[in-house]
Amino acid sequence: MSQVIRSSKILGASIARARKAKGMTQVQLASKASTRQATISDLENGKGGTRVDIVLTILAILDLDIKLTARASDPTDISDLL
């Protein structure tokens, strides 16, 4: 999966999609990440405030990585406005 993430909503949707693809519930993911199910729910719903270390742990559990790249300067890319 390759996804451009430019908002907490897109990150949350991507995490939810990856979790479901692995057949995991929010409770199972939370247990593996040593956090609460409410934290997973908040993250998947694009709410801010989740600690970076928890996000990184969740991504590792889901076999996902973060890759930083320079932002494309395509003036037709409306996601810059989000």
# chains A, B, ... in the order shown; residues from 1 in each chain; ligands from 1
>>> residues_around(residues="Leu59 of chain A", least_positions_apart="3", cutoff="12 Å", atoms="only C-alpha atoms", output="list of chain:residue names")
A:Leu11, A:Gly12, A:Ser14, A:Ile15, A:Ala16, A:Arg17, A:Ala18, A:Arg19, A:Leu29, A:Ala30, A:Lys32, A:Ala33, A:Ile40, A:Leu43, A:Val52, A:Asp53, A:Ile54, A:Val55, A:Leu56, A:Leu62, A:Asp63, A:Leu64, A:Asp65, A:Ile66, A:Lys67
>>> write_last_selection(atoms="C-alpha atoms", output="mmCIF file, in the first residue's frame")
data_model
loop_
_atom_site.group_PDB
_atom_site.id
_atom_site.type_symbol
_atom_site.label_atom_id
_atom_site.label_comp_id
_atom_site.auth_asym_id
_atom_site.auth_seq_id
_atom_site.Cartn_x
_atom_site.Cartn_y
_atom_site.Cartn_z
ATOM 1 C CA LEU A 11 -3.851 8.777 8.192
ATOM 2 C CA GLY A 12 -6.718 7.398 10.258
ATOM 3 C CA SER A 14 -5.282 4.320 6.064
ATOM 4 C CA ILE A 15 -4.666 2.769 9.473
ATOM 5 C CA ALA A 16 -8.244 1.492 9.652
ATOM 6 C CA ARG A 17 -7.940 -0.027 6.173
ATOM 7 C CA ALA A 18 -4.650 -1.755 7.055
ATOM 8 C CA ARG A 19 -6.054 -3.025 10.368
ATOM 9 C CA LEU A 29 -4.702 -3.617 17.803
ATOM 10 C CA ALA A 30 -4.946 -1.605 21.020
ATOM 11 C CA LYS A 32 -0.815 -5.216 20.850
ATOM 12 C CA ALA A 33 0.073 -1.503 21.026
ATOM 13 C CA ILE A 40 -7.310 3.521 18.132
ATOM 14 C CA LEU A 43 -6.726 7.895 15.556
ATOM 15 C CA VAL A 52 3.871 9.956 17.900
ATOM 16 C CA ASP A 53 5.409 6.929 19.625
ATOM 17 C CA ILE A 54 1.989 5.244 19.760
ATOM 18 C CA VAL A 55 1.378 6.007 16.071
ATOM 19 C CA LEU A 56 4.779 4.520 15.208
ATOM 20 C CA LEU A 62 0.443 -3.178 10.839
ATOM 21 C CA ASP A 63 3.728 -3.599 8.903
ATOM 22 C CA LEU A 64 3.611 -0.001 7.652
ATOM 23 C CA ASP A 65 6.364 2.610 7.425
ATOM 24 C CA ILE A 66 6.481 6.373 7.176
ATOM 25 C CA LYS A 67 8.498 7.739 4.273
#
>>> atom_distance(atom1="atom CA of Ser7 of chain A", atom2="atom CA of Thr25 of chain A")
23.0 Å
>>> closest_residue(among="A:Lys22, A:Val27, A:Ala70, A:Ser8", to="Gly49 of chain A", atoms="only C-alpha atoms")
A:Ser8
>>> residues_around(residues="Arg51 of chain A", least_positions_apart="6", cutoff="12 Å", atoms="only C-alpha atoms", output="PyMOL selection string")
chain A and resi 35+39-40+42-43+57-58
>>> write_last_selection(atoms="N, CA and C atoms", output="PDB file, in the first residue's frame")
ATOM      1  N   THR A  35      -2.217   0.147  24.374  1.00  0.00           N
ATOM      2  CA  THR A  35      -2.987   1.377  24.519  1.00  0.00           C
ATOM      3  C   THR A  35      -4.461   1.012  24.630  1.00  0.00           C
ATOM      4  N   THR A  39      -8.154   5.049  21.950  1.00  0.00           N
ATOM      5  CA  THR A  39      -7.047   5.702  21.252  1.00  0.00           C
ATOM      6  C   THR A  39      -7.035   5.302  19.785  1.00  0.00           C
ATOM      7  N   ILE A  40      -7.252   4.013  19.513  1.00  0.00           N
ATOM      8  CA  ILE A  40      -7.310   3.521  18.132  1.00  0.00           C
ATOM      9  C   ILE A  40      -8.483   4.166  17.415  1.00  0.00           C
ATOM     10  N   ASP A  42      -9.991   7.042  18.095  1.00  0.00           N
ATOM     11  CA  ASP A  42      -9.699   8.464  17.862  1.00  0.00           C
ATOM     12  C   ASP A  42      -8.745   8.637  16.681  1.00  0.00           C
ATOM     13  N   LEU A  43      -7.701   7.819  16.641  1.00  0.00           N
ATOM     14  CA  LEU A  43      -6.726   7.895  15.556  1.00  0.00           C
ATOM     15  C   LEU A  43      -7.386   7.594  14.210  1.00  0.00           C
ATOM     16  N   THR A  57       4.239   2.788  16.829  1.00  0.00           N
ATOM     17  CA  THR A  57       4.017   1.408  17.278  1.00  0.00           C
ATOM     18  C   THR A  57       2.890   0.767  16.482  1.00  0.00           C
ATOM     19  N   ILE A  58       1.803   1.493  16.298  1.00  0.00           N
ATOM     20  CA  ILE A  58       0.660   0.978  15.540  1.00  0.00           C
ATOM     21  C   ILE A  58       1.069   0.688  14.098  1.00  0.00           C
TER      22      ILE A  58
END
>>> atom_distance(atom1="atom CA of Asn45 of chain A", atom2="atom CA of Ile10 of chain A")
9.0 Å
>>> decode(residues="segment 8-29 of chain A", atoms="N, CA and C atoms", output="PDB file, in the first residue's frame")
ATOM      1  N   SER A   8      -4.796  14.190   9.281  1.00  0.00           N
ATOM      2  CA  SER A   8      -5.059  13.153  10.280  1.00  0.00           C
ATOM      3  C   SER A   8      -6.208  12.248   9.841  1.00  0.00           C
ATOM      4  N   LYS A   9      -7.146  12.775   9.067  1.00  0.00           N
ATOM      5  CA  LYS A   9      -8.255  11.947   8.577  1.00  0.00           C
ATOM      6  C   LYS A   9      -7.759  10.890   7.597  1.00  0.00           C
ATOM      7  N   ILE A  10      -6.856  11.284   6.702  1.00  0.00           N
ATOM      8  CA  ILE A  10      -6.317  10.324   5.733  1.00  0.00           C
ATOM      9  C   ILE A  10      -5.456   9.283   6.444  1.00  0.00           C
ATOM     10  N   LEU A  11      -4.646   9.720   7.416  1.00  0.00           N
ATOM     11  CA  LEU A  11      -3.851   8.777   8.192  1.00  0.00           C
ATOM     12  C   LEU A  11      -4.759   7.777   8.899  1.00  0.00           C
ATOM     13  N   GLY A  12      -5.799   8.273   9.538  1.00  0.00           N
ATOM     14  CA  GLY A  12      -6.718   7.398  10.258  1.00  0.00           C
ATOM     15  C   GLY A  12      -7.401   6.392   9.355  1.00  0.00           C
ATOM     16  N   ALA A  13      -7.854   6.847   8.200  1.00  0.00           N
ATOM     17  CA  ALA A  13      -8.512   5.942   7.249  1.00  0.00           C
ATOM     18  C   ALA A  13      -7.540   4.884   6.748  1.00  0.00           C
ATOM     19  N   SER A  14      -6.298   5.271   6.530  1.00  0.00           N
ATOM     20  CA  SER A  14      -5.282   4.320   6.064  1.00  0.00           C
ATOM     21  C   SER A  14      -4.985   3.277   7.134  1.00  0.00           C
ATOM     22  N   ILE A  15      -4.902   3.699   8.370  1.00  0.00           N
ATOM     23  CA  ILE A  15      -4.666   2.769   9.473  1.00  0.00           C
ATOM     24  C   ILE A  15      -5.846   1.820   9.618  1.00  0.00           C
ATOM     25  N   ALA A  16      -7.052   2.345   9.541  1.00  0.00           N
ATOM     26  CA  ALA A  16      -8.244   1.492   9.652  1.00  0.00           C
ATOM     27  C   ALA A  16      -8.267   0.455   8.531  1.00  0.00           C
ATOM     28  N   ARG A  17      -7.950   0.881   7.326  1.00  0.00           N
ATOM     29  CA  ARG A  17      -7.940  -0.027   6.173  1.00  0.00           C
ATOM     30  C   ARG A  17      -6.897  -1.143   6.366  1.00  0.00           C
ATOM     31  N   ALA A  18      -5.702  -0.768   6.827  1.00  0.00           N
ATOM     32  CA  ALA A  18      -4.650  -1.755   7.055  1.00  0.00           C
ATOM     33  C   ALA A  18      -5.028  -2.716   8.186  1.00  0.00           C
ATOM     34  N   ARG A  19      -5.627  -2.177   9.238  1.00  0.00           N
ATOM     35  CA  ARG A  19      -6.054  -3.025  10.368  1.00  0.00           C
ATOM     36  C   ARG A  19      -7.078  -4.049   9.911  1.00  0.00           C
ATOM     37  N   LYS A  20      -8.070  -3.591   9.154  1.00  0.00           N
ATOM     38  CA  LYS A  20      -9.115  -4.495   8.674  1.00  0.00           C
ATOM     39  C   LYS A  20      -8.560  -5.530   7.701  1.00  0.00           C
ATOM     40  N   ALA A  21      -7.597  -5.126   6.875  1.00  0.00           N
ATOM     41  CA  ALA A  21      -6.977  -6.059   5.926  1.00  0.00           C
ATOM     42  C   ALA A  21      -6.253  -7.185   6.656  1.00  0.00           C
ATOM     43  N   LYS A  22      -5.774  -6.896   7.870  1.00  0.00           N
ATOM     44  CA  LYS A  22      -5.110  -7.910   8.684  1.00  0.00           C
ATOM     45  C   LYS A  22      -6.101  -8.682   9.541  1.00  0.00           C
ATOM     46  N   GLY A  23      -7.394  -8.348   9.424  1.00  0.00           N
ATOM     47  CA  GLY A  23      -8.419  -9.056  10.176  1.00  0.00           C
ATOM     48  C   GLY A  23      -8.404  -8.764  11.662  1.00  0.00           C
ATOM     49  N   MET A  24      -7.923  -7.590  12.033  1.00  0.00           N
ATOM     50  CA  MET A  24      -7.833  -7.215  13.444  1.00  0.00           C
ATOM     51  C   MET A  24      -8.960  -6.270  13.836  1.00  0.00           C
ATOM     52  N   THR A  25      -9.397  -6.380  15.061  1.00  0.00           N
ATOM     53  CA  THR A  25     -10.342  -5.422  15.620  1.00  0.00           C
ATOM     54  C   THR A  25      -9.548  -4.285  16.253  1.00  0.00           C
ATOM     55  N   GLN A  26     -10.239  -3.208  16.575  1.00  0.00           N
ATOM     56  CA  GLN A  26      -9.592  -2.115  17.285  1.00  0.00           C
ATOM     57  C   GLN A  26      -9.082  -2.583  18.641  1.00  0.00           C
ATOM     58  N   VAL A  27      -9.825  -3.434  19.290  1.00  0.00           N
ATOM     59  CA  VAL A  27      -9.422  -3.949  20.609  1.00  0.00           C
ATOM     60  C   VAL A  27      -8.132  -4.759  20.490  1.00  0.00           C
ATOM     61  N   GLN A  28      -8.037  -5.600  19.466  1.00  0.00           N
ATOM     62  CA  GLN A  28      -6.826  -6.403  19.272  1.00  0.00           C
ATOM     63  C   GLN A  28      -5.614  -5.514  18.991  1.00  0.00           C
ATOM     64  N   LEU A  29      -5.795  -4.524  18.120  1.00  0.00           N
ATOM     65  CA  LEU A  29      -4.702  -3.617  17.803  1.00  0.00           C
ATOM     66  C   LEU A  29      -4.283  -2.832  19.045  1.00  0.00           C
TER      67      LEU A  29
END
